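Q: Starting off with a structure, shown below.
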Amino acid sequence: MRKRIKKGLAFVLISCLLSFHFAVPARAEEHLQELDEKAGYMAGDLFVVRPLGIAATAVGTVIYIISLPFSLAGGNAEEARQKLVYDPAQYTFTRPLGEP
């Protein structure tokens, strides 16, 4: 008789532990759905947009250096620096990850 009670208690205990184990992820799933969407944007930003921004900053710097004599002659060197170097660098390095 004691053996039956022990087996029954063990079965109930194991069942409770397993059911609690599966209940926690179900509750957290609602929160994870919101994070998954943002995580996708962050991953795309990190692996696609940021490298393109670094390349745009490098290319813009080269173009700025090449055009510098003409910009100085035209009086718009500061505007050229802003558009070709500072704006791409600011977009790449100071913008929060995953933001448009």
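Simple scheme: letters A, B, ... for chains in structure tokens order, numbers from 1 for residues in each chain, numbers from 1 for ligands in the order shown.
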Find the residues near Ile54 in chain A: any atom within 10 Å, counting only C-alpha atoms, skip ones fewer than 5 places away on the same chain, and give them as a PyMOL selection string.

A: chain A and resi 49+59-60+88-89+91-93

Q: Take the residues from that selection and write them out as a PDB file, in the first residue's frame, keeping N, CA and C atoms.

A:
```pdb
ATOM      1  N   VAL A  49      22.827  47.667 -42.772  1.00  0.00           N
ATOM      2  CA  VAL A  49      22.818  49.129 -42.852  1.00  0.00           C
ATOM      3  C   VAL A  49      24.101  49.739 -42.300  1.00  0.00           C
ATOM      4  N   VAL A  59      33.603  56.431 -48.641  1.00  0.00           N
ATOM      5  CA  VAL A  59      33.507  56.948 -50.010  1.00  0.00           C
ATOM      6  C   VAL A  59      33.270  58.457 -49.989  1.00  0.00           C
ATOM      7  N   GLY A  60      32.423  58.926 -49.083  1.00  0.00           N
ATOM      8  CA  GLY A  60      32.178  60.355 -48.965  1.00  0.00           C
ATOM      9  C   GLY A  60      33.426  61.126 -48.577  1.00  0.00           C
ATOM     10  N   PRO A  88      26.800  61.007 -43.118  1.00  0.00           N
ATOM     11  CA  PRO A  88      26.876  59.536 -43.119  1.00  0.00           C
ATOM     12  C   PRO A  88      27.503  58.972 -41.843  1.00  0.00           C
ATOM     13  N   ALA A  89      28.515  59.656 -41.300  1.00  0.00           N
ATOM     14  CA  ALA A  89      29.152  59.176 -40.066  1.00  0.00           C
ATOM     15  C   ALA A  89      28.185  59.263 -38.896  1.00  0.00           C
ATOM     16  N   TYR A  91      24.875  59.207 -39.040  1.00  0.00           N
ATOM     17  CA  TYR A  91      23.844  58.186 -39.245  1.00  0.00           C
ATOM     18  C   TYR A  91      24.363  56.796 -38.864  1.00  0.00           C
ATOM     19  N   THR A  92      25.620  56.532 -39.147  1.00  0.00           N
ATOM     20  CA  THR A  92      26.181  55.210 -38.894  1.00  0.00           C
ATOM     21  C   THR A  92      26.550  54.997 -37.434  1.00  0.00           C
ATOM     22  N   PHE A  93      27.146  55.980 -36.787  1.00  0.00           N
ATOM     23  CA  PHE A  93      27.750  55.748 -35.484  1.00  0.00           C
ATOM     24  C   PHE A  93      26.976  56.299 -34.288  1.00  0.00           C
TER      25      PHE A  93
END
```

Q: Need to verify the contact set: Tyr64 in chain A, 9 Å, only C-alpha atoms, exclusion of same-chain residues closer than 4 positions in sequence. Can you return it as an mmCIF file with C-alpha atoms, in the first residue's frame?

A:
```cif
data_model
loop_
_atom_site.group_PDB
_atom_site.id
_atom_site.type_symbol
_atom_site.label_atom_id
_atom_site.label_comp_id
_atom_site.auth_asym_id
_atom_site.auth_seq_id
_atom_site.Cartn_x
_atom_site.Cartn_y
_atom_site.Cartn_z
ATOM 1 C CA VAL A 59 33.507 56.948 -50.010
ATOM 2 C CA GLY A 60 32.178 60.355 -48.965
ATOM 3 C CA LEU A 68 38.207 69.953 -51.717
ATOM 4 C CA SER A 71 34.863 73.388 -52.784
ATOM 5 C CA ALA A 77 33.827 73.412 -48.263
ATOM 6 C CA ALA A 80 30.467 69.605 -48.654
ATOM 7 C CA ARG A 81 32.127 68.235 -45.499
ATOM 8 C CA LEU A 84 29.729 63.940 -47.596
ATOM 9 C CA VAL A 85 31.414 63.071 -44.292
#
```

Q: I'd like the contact shell of Arg50 in chain A - 12 Å cut-off, only C-alpha atoms, skipping same-chain residues fewer than 5 positions apart - returned as a list in words.

A: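 Non-adjacent residues within range: Tyr41, Met42, Ala43, Gly44, Asp45, Ala55, Ala56, Thr57, Pro88, Ala89, Gln90, Tyr91, Thr92, Phe93, Thr94, Arg95, Pro96, Leu97, Gly98, Glu99 and Pro100 of chain A.
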
Q: To one decimal place in Å, what is the distance between CA of Phe47 in chain A and CA of Ile65 in chain A?

A: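 Separation of CA of Phe47 in chain A and CA of Ile65 in chain A: 27.9 Å.
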